[in-house]
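The next block is coords-v3.cif, given as mmCIF, C-alpha atoms and all ligand atoms.
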data_query
loop_
_atom_site.group_PDB
_atom_site.id
_atom_site.type_symbol
_atom_site.label_atom_id
_atom_site.label_comp_id
_atom_site.auth_asym_id
_atom_site.auth_seq_id
_atom_site.Cartn_x
_atom_site.Cartn_y
_atom_site.Cartn_z
ATOM 1 C CA MET A 249 -39.594 -13.071 26.235
ATOM 2 C CA THR A 250 -38.128 -16.215 24.744
ATOM 3 C CA MET A 251 -35.088 -17.926 26.178
ATOM 4 C CA LYS A 252 -33.041 -16.964 23.144
ATOM 5 C CA HIS A 253 -34.112 -13.442 23.713
ATOM 6 C CA ALA A 254 -33.174 -13.666 27.354
ATOM 7 C CA VAL A 255 -29.719 -14.976 26.531
ATOM 8 C CA VAL A 256 -28.946 -12.065 24.259
ATOM 9 C CA TRP A 257 -30.235 -9.351 26.501
ATOM 10 C CA GLY A 258 -28.932 -11.098 29.606
ATOM 11 C CA VAL A 259 -25.329 -10.545 28.549
ATOM 12 C CA SER A 260 -24.003 -8.526 31.421
ATOM 13 C CA LEU A 261 -22.531 -5.299 30.181
ATOM 14 C CA ILE A 262 -22.056 -1.935 31.788
ATOM 15 C CA VAL A 263 -25.288 -0.465 33.031
ATOM 16 C CA LEU A 264 -25.468 3.238 33.635
ATOM 17 C CA GLY A 265 -24.348 3.999 37.159
ATOM 18 C CA ALA A 266 -26.685 5.372 39.764
ATOM 19 C CA CYS A 267 -26.597 9.140 39.761
ATOM 20 C CA GLY A 268 -27.671 9.539 43.348
ATOM 21 C CA ASP A 269 -30.787 11.539 42.570
ATOM 22 C CA VAL A 270 -33.483 11.514 45.156
ATOM 23 C CA VAL A 271 -36.603 10.196 43.510
ATOM 24 C CA VAL A 272 -40.093 11.233 44.480
ATOM 25 C CA SER A 273 -43.364 9.741 43.353
ATOM 26 C CA ALA A 274 -45.669 11.325 40.822
ATOM 27 C CA PRO A 275 -47.994 13.690 42.638
ATOM 28 C CA THR A 276 -51.581 13.057 43.531
ATOM 29 C CA THR A 277 -52.343 15.995 45.876
ATOM 30 C CA PRO A 278 -52.860 18.863 46.464
ATOM 31 C CA ASP A 279 -53.871 21.247 43.696
ATOM 32 C CA CYS A 280 -52.079 24.592 43.386
ATOM 33 C CA GLN A 281 -52.489 25.073 39.623
ATOM 34 C CA SER A 282 -54.352 28.363 39.985
ATOM 35 C CA ALA A 283 -51.346 29.858 41.778
ATOM 36 C CA CYS A 284 -48.756 28.735 39.204
ATOM 37 C CA ARG A 285 -47.287 30.961 36.498
ATOM 38 C CA ALA A 286 -47.439 30.266 32.777
ATOM 39 C CA GLY A 287 -45.332 27.243 31.866
ATOM 40 C CA GLU A 288 -45.578 25.830 35.363
ATOM 41 C CA THR A 289 -47.587 22.933 36.690
ATOM 42 C CA CYS A 290 -48.789 22.170 40.165
ATOM 43 C CA VAL A 291 -46.900 19.127 41.477
ATOM 44 C CA ALA A 292 -47.564 17.957 45.013
ATOM 45 C CA GLY A 293 -48.532 21.443 46.033
ATOM 46 C CA VAL A 294 -45.499 23.038 44.428
ATOM 47 C CA CYS A 295 -45.344 24.995 41.139
ATOM 48 C CA VAL A 296 -42.832 23.251 38.892
ATOM 49 C CA GLU A 297 -41.454 24.504 35.591
ATOM 50 C CA GLY A 298 -42.136 22.566 32.402
ATOM 51 C CA VAL A 299 -44.008 19.631 33.900
ATOM 52 C CA THR A 300 -47.231 18.326 32.423
ATOM 53 C CA ASP A 301 -49.938 16.340 34.107
ATOM 54 C CA ALA A 302 -48.915 13.449 36.373
ATOM 55 C CA GLY A 303 -45.381 14.736 36.658
ATOM 56 C CA VAL A 304 -44.339 13.683 33.173
ATOM 57 C CA PRO A 305 -41.710 16.070 31.811
ATOM 58 C CA ALA A 306 -42.917 17.547 28.535
ATOM 59 C CA GLY A 307 -40.637 16.020 25.921
ATOM 60 C CA SER A 308 -37.620 16.295 28.147
ATOM 61 C CA ASP A 309 -34.686 13.924 28.189
ATOM 62 C CA ALA A 310 -34.366 13.844 31.924
ATOM 63 C CA GLY A 311 -36.331 14.398 35.049
ATOM 64 C CA VAL A 312 -37.217 17.914 36.099
ATOM 65 C CA THR A 313 -35.436 19.446 39.053
ATOM 66 C CA LEU A 314 -37.664 21.411 41.332
ATOM 67 C CA ALA A 315 -36.897 25.116 41.289
ATOM 68 C CA ALA A 316 -35.165 26.692 44.290
ATOM 69 C CA ASP A 317 -37.946 29.247 44.692
ATOM 70 C CA ALA A 318 -40.419 26.436 45.267
ATOM 71 C CA GLY A 319 -39.389 26.427 48.877
ATOM 72 C CA ARG A 320 -36.780 23.693 48.650
ATOM 73 C CA PRO A 321 -33.007 23.991 48.959
ATOM 74 C CA ALA A 322 -31.391 24.751 45.621
ATOM 75 C CA ASP A 323 -29.019 21.827 45.961
ATOM 76 C CA ALA A 324 -31.643 19.279 46.940
ATOM 77 C CA GLY A 325 -31.483 17.702 43.486
ATOM 78 C CA ILE A 326 -35.001 16.364 43.778
ATOM 79 C CA THR A 327 -35.965 14.786 40.471
ATOM 80 C CA ILE A 328 -39.372 13.704 39.254
ATOM 81 C CA PRO A 329 -39.057 10.668 36.975
ATOM 82 C CA SER A 330 -41.245 10.145 33.941
ATOM 83 C CA GLY A 331 -42.685 6.959 35.418
ATOM 84 C CA ASP A 332 -41.419 3.612 36.641
ATOM 85 C CA GLY A 333 -43.154 1.558 33.940
ATOM 86 C CA GLN A 334 -44.783 -0.717 36.505
ATOM 87 C CA SER A 335 -48.369 0.181 35.544
ATOM 88 C CA ALA A 336 -50.293 1.971 32.800
ATOM 89 C CA GLU A 337 -50.716 4.904 35.175
ATOM 90 C CA THR A 338 -46.981 5.163 35.799
ATOM 91 C CA ALA A 339 -45.794 4.385 32.261
ATOM 92 C CA ALA A 340 -42.390 5.654 31.142
ATOM 93 C CA VAL A 341 -42.124 7.515 27.840
ATOM 94 C CA SER A 342 -39.431 5.100 26.639
ATOM 95 C CA CYS A 343 -37.045 2.451 27.919
ATOM 96 C CA GLN A 344 -34.268 5.003 27.485
ATOM 97 C CA GLN A 345 -36.006 7.449 29.833
ATOM 98 C CA LEU A 346 -36.788 4.635 32.242
ATOM 99 C CA LEU A 347 -33.090 3.807 32.490
ATOM 100 C CA VAL A 348 -32.223 7.476 33.090
ATOM 101 C CA ASP A 349 -34.721 7.712 35.925
ATOM 102 C CA TYR A 350 -34.104 4.223 37.319
ATOM 103 C CA PRO A 351 -30.504 3.299 36.465
ATOM 104 C CA ASP A 352 -30.675 -0.167 38.044
ATOM 105 C CA THR A 353 -33.536 -1.308 35.791
ATOM 106 C CA GLU A 354 -32.889 -4.695 34.181
ATOM 107 C CA SER A 355 -34.258 -6.040 30.888
ATOM 108 C CA ASP A 356 -37.943 -6.839 31.149
ATOM 109 C CA VAL A 357 -41.379 -5.806 29.907
ATOM 110 C CA PHE A 358 -42.558 -2.370 31.087
ATOM 111 C CA TRP A 359 -45.471 -0.024 30.508
ATOM 112 C CA ILE A 360 -44.470 2.590 27.946
ATOM 113 C CA ASP A 361 -46.504 5.649 26.889
ATOM 114 C CA PRO A 362 -44.391 7.329 24.214
ATOM 115 C CA ASP A 363 -46.366 10.588 24.076
ATOM 116 C CA GLY A 364 -46.955 10.842 27.813
ATOM 117 C CA ALA A 365 -50.206 10.868 29.740
ATOM 118 C CA GLN A 366 -51.481 13.875 27.775
ATOM 119 C CA GLY A 367 -50.950 12.364 24.329
ATOM 120 C CA PRO A 368 -53.510 10.178 22.502
ATOM 121 C CA VAL A 369 -51.326 7.063 22.263
ATOM 122 C CA GLU A 370 -52.417 4.515 24.857
ATOM 123 C CA PRO A 371 -49.802 3.033 27.214
ATOM 124 C CA MET A 372 -48.532 -0.357 26.041
ATOM 125 C CA GLN A 373 -46.335 -3.107 27.441
ATOM 126 C CA LEU A 374 -43.025 -3.292 25.609
ATOM 127 C CA PHE A 375 -39.767 -5.113 26.171
ATOM 128 C CA CYS A 376 -36.826 -2.977 27.307
ATOM 129 C CA GLY A 377 -33.288 -4.163 26.560
ATOM 130 C CA MET A 378 -31.284 -2.659 29.400
ATOM 131 C CA GLU A 379 -27.890 -4.371 29.216
ATOM 132 C CA TYR A 380 -26.824 -4.544 25.576
ATOM 133 C CA ASP A 381 -24.682 -1.573 24.536
ATOM 134 C CA ASN A 382 -25.542 0.529 27.607
ATOM 135 C CA GLY A 383 -29.239 -0.302 27.383
ATOM 136 C CA GLY A 384 -32.272 1.905 26.969
ATOM 137 C CA TRP A 385 -33.539 -0.034 23.942
ATOM 138 C CA THR A 386 -37.300 -0.007 23.419
ATOM 139 C CA GLN A 387 -38.576 -2.895 21.313
ATOM 140 C CA VAL A 388 -40.854 -1.176 18.789
ATOM 141 C CA ALA A 389 -41.692 -3.973 16.337
ATOM 142 C CA ARG A 390 -41.717 -7.694 15.693
ATOM 143 C CA LEU A 391 -42.136 -8.969 12.131
ATOM 144 C CA ILE A 392 -42.922 -12.666 11.669
ATOM 145 C CA TYR A 393 -41.562 -14.513 8.638
ATOM 146 C CA GLY A 394 -43.992 -14.332 5.703
ATOM 147 C CA ASP A 395 -46.182 -11.593 7.172
ATOM 148 C CA GLN A 396 -46.854 -8.337 5.331
ATOM 149 C CA VAL A 397 -44.459 -5.472 5.972
ATOM 150 C CA TRP A 398 -46.031 -2.161 6.971
ATOM 151 C CA ASP A 399 -44.868 1.456 7.136
ATOM 152 C CA ALA A 400 -43.032 1.112 10.430
ATOM 153 C CA TRP A 401 -42.335 4.842 10.668
ATOM 154 C CA SER A 402 -45.915 6.087 10.402
ATOM 155 C CA ASP A 403 -48.161 3.201 11.406
ATOM 156 C CA SER A 404 -48.741 1.020 14.386
ATOM 157 C CA GLU A 405 -49.558 -2.592 13.621
ATOM 158 C CA GLY A 406 -51.287 -5.407 15.461
ATOM 159 C CA SER A 407 -51.061 -5.410 19.228
ATOM 160 C CA PRO A 408 -47.786 -3.754 20.259
ATOM 161 C CA GLY A 409 -45.926 -6.008 22.637
ATOM 162 C CA GLY A 410 -48.256 -8.935 21.937
ATOM 163 C CA ARG A 411 -48.053 -12.039 19.786
ATOM 164 C CA GLY A 412 -47.652 -12.221 16.040
ATOM 165 C CA SER A 413 -46.396 -9.308 13.966
ATOM 166 C CA TRP A 414 -46.802 -5.916 15.601
ATOM 167 C CA GLY A 415 -45.339 -2.465 15.581
ATOM 168 C CA ALA A 416 -45.336 0.714 17.630
ATOM 169 C CA ALA A 417 -44.831 3.525 15.104
ATOM 170 C CA LEU A 418 -41.219 4.654 15.094
ATOM 171 C CA ASN A 419 -42.256 8.307 14.914
ATOM 172 C CA TRP A 420 -43.644 8.018 18.457
ATOM 173 C CA PHE A 421 -40.070 7.705 19.718
ATOM 174 C CA SER A 422 -38.419 10.380 17.562
ATOM 175 C CA ASP A 423 -38.117 14.133 17.945
ATOM 176 C CA ASP A 424 -37.072 14.554 14.310
ATOM 177 C CA GLU A 425 -39.638 14.840 11.520
ATOM 178 C CA ASP A 426 -37.653 12.362 9.420
ATOM 179 C CA GLY A 427 -36.576 10.077 12.262
ATOM 180 C CA ARG A 428 -32.872 10.715 11.869
ATOM 181 C CA ASP A 429 -32.311 11.131 15.608
ATOM 182 C CA LEU A 430 -33.112 7.485 16.288
ATOM 183 C CA GLU A 431 -30.568 4.744 16.823
ATOM 184 C CA ILE A 432 -32.005 1.497 15.450
ATOM 185 C CA LEU A 433 -31.038 -2.041 16.357
ATOM 186 C CA ILE A 434 -32.264 -5.090 14.401
ATOM 187 C CA GLY A 435 -32.298 -8.602 15.815
ATOM 188 C CA ALA A 436 -33.229 -11.826 14.025
ATOM 189 C CA VAL A 437 -34.809 -14.753 15.871
ATOM 190 C CA GLY A 438 -34.571 -18.326 14.606
ATOM 191 C CA THR A 439 -31.813 -18.047 12.090
ATOM 192 C CA GLN A 440 -30.590 -21.026 10.089
ATOM 193 C CA ARG A 441 -27.674 -21.361 12.477
ATOM 194 C CA GLY A 442 -29.971 -21.044 15.436
ATOM 195 C CA GLY A 443 -29.702 -18.461 18.139
ATOM 196 C CA TYR A 444 -30.273 -14.753 17.983
ATOM 197 C CA TYR A 445 -28.427 -12.625 15.455
ATOM 198 C CA ILE A 446 -28.121 -8.962 16.350
ATOM 199 C CA GLY A 447 -26.879 -6.495 13.776
ATOM 200 C CA PRO A 448 -25.052 -3.203 14.056
ATOM 201 C CA SER A 449 -27.061 -0.170 15.117
ATOM 202 C CA TYR A 450 -28.044 2.474 12.568
ATOM 203 C CA SER A 451 -28.731 6.186 12.786
ATOM 204 C CA ASP A 452 -29.537 9.076 10.451
ATOM 205 C CA VAL A 453 -31.900 6.702 8.665
ATOM 206 C CA PRO A 454 -34.622 8.463 6.608
ATOM 207 C CA SER A 455 -38.207 7.642 7.523
ATOM 208 C CA SER A 456 -38.872 6.407 3.983
ATOM 209 C CA ALA A 457 -36.569 3.450 4.681
ATOM 210 C CA TRP A 458 -39.541 1.915 6.502
ATOM 211 C CA GLN A 459 -42.047 2.154 3.630
ATOM 212 C CA PRO A 460 -42.778 -1.039 1.735
ATOM 213 C CA GLY A 461 -43.726 -1.082 -1.927
ATOM 214 C CA VAL A 462 -41.831 1.952 -3.195
ATOM 215 C CA ASP A 463 -41.091 2.408 -6.899
ATOM 216 C CA VAL A 464 -38.225 0.620 -8.538
ATOM 217 C CA GLU A 465 -34.823 2.264 -8.185
ATOM 218 C CA GLU A 466 -36.087 5.072 -6.007
ATOM 219 C CA VAL A 467 -33.355 6.967 -4.188
ATOM 220 C CA ILE A 468 -34.482 7.284 -0.595
ATOM 221 C CA GLY A 469 -31.484 8.937 0.996
ATOM 222 C CA ASP A 470 -27.826 9.813 0.747
ATOM 223 C CA GLY A 471 -26.334 7.651 3.432
ATOM 224 C CA PHE A 472 -26.583 6.634 7.055
ATOM 225 C CA ASP A 473 -24.461 5.971 10.138
ATOM 226 C CA SER A 474 -23.801 2.565 11.633
ATOM 227 C CA ARG A 475 -21.665 1.106 14.350
ATOM 228 C CA THR A 476 -21.134 -2.133 16.207
ATOM 229 C CA GLU A 477 -21.424 -2.374 19.957
ATOM 230 C CA GLY A 478 -18.740 -0.378 21.745
ATOM 231 C CA GLU A 479 -17.497 1.318 18.568
ATOM 232 C CA GLU A 480 -17.987 4.839 17.187
ATOM 233 C CA PHE A 481 -20.469 5.533 14.394
ATOM 234 C CA GLU A 482 -19.100 5.287 10.878
ATOM 235 C CA ARG A 483 -20.655 7.124 7.965
ATOM 236 C CA CYS A 484 -21.787 5.280 4.861
ATOM 237 C CA ASP A 485 -22.031 7.965 2.186
ATOM 238 C CA ALA A 486 -23.474 5.760 -0.523
ATOM 239 C CA GLU A 487 -26.812 6.712 -2.011
ATOM 240 C CA ILE A 488 -29.532 4.461 -0.716
ATOM 241 C CA TRP A 489 -31.544 2.807 -3.441
ATOM 242 C CA ARG A 490 -34.383 0.371 -3.710
ATOM 243 C CA ARG A 491 -33.454 -2.189 -6.292
ATOM 244 C CA ASN A 492 -37.025 -3.264 -6.893
ATOM 245 C CA ARG A 493 -40.432 -3.347 -5.281
ATOM 246 C CA ARG A 494 -39.609 -6.441 -3.269
ATOM 247 C CA TRP A 495 -37.279 -4.447 -1.044
ATOM 248 C CA SER A 496 -39.347 -3.284 1.896
ATOM 249 C CA TRP A 497 -37.610 -2.066 5.021
ATOM 250 C CA ALA A 498 -34.235 -1.205 3.561
ATOM 251 C CA ILE A 499 -31.207 1.045 3.643
ATOM 252 C CA SER A 500 -29.011 -0.644 1.114
ATOM 253 C CA ARG A 501 -27.927 -0.109 -2.433
ATOM 254 C CA GLY A 502 -26.050 -2.897 -4.140
ATOM 255 C CA GLU A 503 -23.530 -5.645 -3.696
ATOM 256 C CA ASP A 504 -20.492 -3.496 -3.010
ATOM 257 C CA GLY A 505 -19.453 -0.875 -0.550
ATOM 258 C CA CYS A 506 -20.643 -0.017 2.911
ATOM 259 C CA ALA A 507 -24.322 -0.186 1.964
ATOM 260 C CA GLY A 508 -24.107 -3.470 0.098
ATOM 261 C CA TRP A 509 -26.596 -6.156 0.917
ATOM 262 C CA ALA A 510 -24.176 -9.092 0.843
ATOM 263 C CA GLY A 511 -22.497 -8.651 4.162
ATOM 264 C CA GLY A 512 -22.588 -4.883 3.940
ATOM 265 C CA GLY A 513 -23.619 -2.297 6.452
ATOM 266 C CA GLY A 514 -27.229 -1.840 5.388
ATOM 267 C CA PHE A 515 -30.273 -4.046 5.769
ATOM 268 C CA VAL A 516 -33.032 -5.331 3.504
ATOM 269 C CA ILE A 517 -36.296 -7.129 4.236
ATOM 270 C CA TYR A 518 -37.142 -8.874 0.999
ATOM 271 C CA GLY A 519 -40.392 -10.212 -0.451
ATOM 272 C CA THR A 520 -41.145 -12.545 -3.347
ATOM 273 C CA ARG A 521 -42.367 -11.954 -6.883
ATOM 274 C CA ARG A 522 -45.860 -13.130 -5.959
ATOM 275 C CA ASP A 523 -45.855 -11.404 -2.578
ATOM 276 C CA PRO A 524 -43.571 -8.377 -2.834
ATOM 277 C CA GLU A 525 -44.539 -6.919 0.537
ATOM 278 C CA GLY A 526 -44.172 -10.198 2.395
ATOM 279 C CA ALA A 527 -41.161 -10.717 4.649
ATOM 280 C CA TYR A 528 -39.274 -13.711 3.267
ATOM 281 C CA SER A 529 -35.599 -12.946 3.698
ATOM 282 C CA LEU A 530 -33.205 -10.620 5.440
ATOM 283 C CA TRP A 531 -29.932 -9.298 4.057
ATOM 284 C CA GLY A 532 -27.137 -7.099 5.316
ATOM 285 C CA LEU A 533 -26.633 -6.456 9.044
ATOM 286 C CA ASN A 534 -22.875 -6.903 8.611
ATOM 287 C CA ALA A 535 -23.068 -10.402 7.144
ATOM 288 C CA TYR A 536 -26.531 -11.733 7.833
ATOM 289 C CA GLY A 537 -27.439 -13.654 4.706
ATOM 290 C CA ALA A 538 -23.889 -13.219 3.442
ATOM 291 C CA GLY A 539 -22.961 -14.625 0.048
ATOM 292 C CA ASN A 540 -25.454 -12.541 -1.905
ATOM 293 C CA ARG A 541 -28.387 -14.603 -0.688
ATOM 294 C CA GLY A 542 -30.870 -13.547 1.888
ATOM 295 C CA ALA A 543 -31.404 -15.704 4.912
ATOM 296 C CA GLN A 544 -34.638 -16.790 6.482
ATOM 297 C CA PHE A 545 -35.725 -16.024 10.016
ATOM 298 C CA GLN A 546 -38.606 -16.691 12.370
ATOM 299 C CA ALA A 547 -38.968 -13.072 13.401
ATOM 300 C CA VAL A 548 -37.196 -9.756 13.027
ATOM 301 C CA GLU A 549 -37.216 -7.456 16.046
ATOM 302 C CA LEU A 550 -36.649 -3.699 15.950
ATOM 303 C CA PHE A 551 -35.337 -1.684 18.896
ATOM 304 C CA VAL A 552 -34.813 2.069 19.125
ATOM 305 C CA ARG A 553 -33.368 4.688 21.398
ATOM 306 C CA ARG A 554 -32.539 8.326 20.751
ATOM 307 C CA ARG A 555 -28.969 8.974 19.775
HETATM 308 CA CA CA B 601 -50.355 8.750 25.860
#

Please go through the file and, once you have read it, give me the structure as structure tokens.
Ligand SMILES: [Ca+2]
Amino acid sequence: MTMKHAVVWGVSLIVLGACGDVVVSAPTTPDCQSACRAGETCVAGVCVEGVTDAGVPAGSDAGVTLAADAGRPADAGITIPSGDGQSAETAAVSCQQLLVDYPDTESDVFWIDPDGAQGPVEPMQLFCGMEYDNGGWTQVARLIYGDQVWDAWSDSEGSPGGRGSWGAALNWFSDDEDGRDLEILIGAVGTQRGGYYIGPSYSDVPSSAWQPGVDVEEVIGDGFDSRTEGEEFERCDAEIWRRNRRWSWAISRGEDGCAGWAGGGGFVIYGTRRDPEGAYSLWGLNAYGAGNRGAQFQAVELFVRRR
């Protein structure tokens, strides 16, 4: 984490309050699986509903409360977290889930396993932004100036969380087949003015917005939502177009309106004539590169959480 990065994410905003849940560790013993009913898993000698191996809730948004008939008081409120992110073995499924289970978590790098212990994706160390806009932001990509843009929705790239350009596929963090349930935040490191520029957050963004090298003038959606920190989402109903093949990651249409690139609500990563899928400028983000000219950057960082 760079100092610039630390300054941005260190801004002290409201962090979710502690909910008072009693937290227990992921189970290691004993085994009661043979005695459990369908849909239950043996956890620490108790049959628990909807829990997969290692106590990771199967695709749930919150911890799983032990059932009353498991021999515990109904009002005990005992919750099994998805993992504390401190090791590969105790990886959280996302920074958002980590903050739900551990509300006092501060911004840092944590072990994240987006598909849980049972899924094929290996745990990785990713930065979690826990203060900005109520936190829970998982950094899913870093694109270095001049590098080739990839399909950020479908593909992982490089070494997630490491140096250089890298990406953890956005679809790993979405429950929607087209990714429209994600809230996406874009930050730019090393701008011409210095410092860290962070844009509005976006939602209802089609997965095709993350495909480089699409055909000229292809319509890739009929709008999106965006909002600035602390505000409600606003709808941009404009059709989303690619102006030409040099637009890579993009939800923007033209110069005017809410989706315009020159200070408008959308965003565009732009290549050059000789290198159309290279990342050479950034437009949009509510005024980044304003004046109908894209601005350079050292790196673009993507963060997501579920809306
Ligand atoms: Ca996994």

Task: Residue among A:Pro368, A:Gly526, A:Gly471, A:Pro362 lying closest to Leu418 of chain A, counting all atoms listed in the file - done: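 Closest residue, counting all atoms listed in the file: A:Pro362.
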
Open item on the list: My list of candidates is A:Ser474, A:Gln366, A:Ser449, A:Gln546. Which is closest to ligand CA 601 (chain B) when distances are computed with only C-alpha atoms and all ligand atoms?
Closed with: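 Under the stated criterion, the closest residue is A:Gln366.
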
- [ ] Using the chain letters and numbering of this document, enumerate as a list in words the residues selected by the PyMOL selection byres (((not hetatm)) within 8 of (chain B and resi 601)).
- [x]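 Output from the PyMOL selection byres (((not hetatm)) within 8 of (chain B and resi 601)), applied to this file: Asp361, Pro362, Asp363, Gly364, Ala365, Gln366, Gly367, Pro368, Val369, Glu370 and Pro371 of chain A.
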
- [ ] List the neighbours of Phe545 of chain A out to 12 Å using only C-alpha atoms; skip same-chain residues closer than 4 positions along the sequence, and give me the result as a list of chain:residue names.
- [x]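 Counting only C-alpha atoms, the residues come to A:Arg390, A:Leu391, A:Ile392, A:Tyr393, A:Gly394, A:Asp395, A:Gly435, A:Ala436, A:Val437, A:Gly438, A:Thr439, A:Gln440, A:Arg441, A:Gly442, A:Gly443, A:Tyr444, A:Tyr445, A:Ile517, A:Tyr518, A:Ala527, A:Tyr528, A:Ser529, A:Leu530, A:Trp531, A:Tyr536, A:Gly537, A:Glu549.
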
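For the residues A:Glu479, A:Cys484, A:Val341, A:Ala547, ranking by smallest atom-to-atom distance to Ser413 of chain A using all atoms listed in the file places A:Ala547 first.
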
Task: Minimum-distance residue to Asp452 of chain A, chosen among A:Val467, A:Asp485, A:Asp399, A:Ser407 (using only C-alpha atoms) - done: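 Closest candidate: A:Asp485.
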
- [ ] Measure the distance from atom CA of Cys343 of chain A to atom CA of Cys376 of chain A in Å and round it to one decimal.
- [x]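 Taking atom CA of Cys343 of chain A as the start and atom CA of Cys376 of chain A as the end point, the length is 5.5 Å.
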
Task: Residues within 7 Å of (-35.2, -4.0, 5.1), file coords, only C-alpha atoms, listed as an NGL selection string - done: :A and (495-499 or 515-518 or 530)

Open item on the list: Between atom CA of Gly427 of chain A and atom CA of Asp403 of chain A, what distance in Å does the model show, to one decimal?
Closed with: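 That distance, rounded to one decimal, is 13.5 Å.
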
Please complete segment 511-525 of chain A so it has N, CA and C atoms, and hand it over as a CSV table (one decimal), in the coordinates of the input.
chain,number,residue,atom,x,y,z
A,511,GLY,N,-23.5,-8.8,3.1
A,511,GLY,CA,-22.5,-8.7,4.2
A,511,GLY,C,-22.2,-7.2,4.4
A,512,GLY,N,-22.9,-6.3,3.8
A,512,GLY,CA,-22.6,-4.9,3.9
A,512,GLY,C,-23.3,-4.3,5.1
A,513,GLY,N,-23.2,-3.0,5.3
A,513,GLY,CA,-23.6,-2.3,6.5
A,513,GLY,C,-25.1,-2.0,6.5
A,514,GLY,N,-25.8,-2.1,5.4
A,514,GLY,CA,-27.2,-1.8,5.4
A,514,GLY,C,-28.1,-3.0,5.8
A,515,PHE,N,-29.4,-2.9,5.5
A,515,PHE,CA,-30.3,-4.0,5.8
A,515,PHE,C,-31.4,-4.0,4.8
A,516,VAL,N,-31.9,-5.2,4.4
A,516,VAL,CA,-33.0,-5.3,3.5
A,516,VAL,C,-34.0,-6.4,4.0
A,517,ILE,N,-35.3,-6.1,4.1
A,517,ILE,CA,-36.3,-7.1,4.2
A,517,ILE,C,-36.9,-7.3,2.8
A,518,TYR,N,-36.9,-8.6,2.4
A,518,TYR,CA,-37.1,-8.9,1.0
A,518,TYR,C,-38.4,-9.8,0.8
A,519,GLY,N,-39.2,-9.4,-0.1
A,519,GLY,CA,-40.4,-10.2,-0.5
A,519,GLY,C,-40.2,-11.1,-1.6
A,520,THR,N,-41.2,-11.7,-2.2
A,520,THR,CA,-41.1,-12.5,-3.3
A,520,THR,C,-41.9,-11.9,-4.5
A,521,ARG,N,-41.7,-12.5,-5.7
A,521,ARG,CA,-42.4,-12.0,-6.9
A,521,ARG,C,-43.9,-12.0,-6.7
A,522,ARG,N,-44.4,-13.0,-6.1
A,522,ARG,CA,-45.9,-13.1,-6.0
A,522,ARG,C,-46.4,-12.3,-4.8
A,523,ASP,N,-45.5,-12.1,-3.8
A,523,ASP,CA,-45.9,-11.4,-2.6
A,523,ASP,C,-44.8,-10.4,-2.2
A,524,PRO,N,-44.7,-9.3,-3.0
A,524,PRO,CA,-43.6,-8.4,-2.8
A,524,PRO,C,-43.5,-7.7,-1.5
A,525,GLU,N,-44.6,-7.6,-0.8
A,525,GLU,CA,-44.5,-6.9,0.5
A,525,GLU,C,-44.5,-7.9,1.7
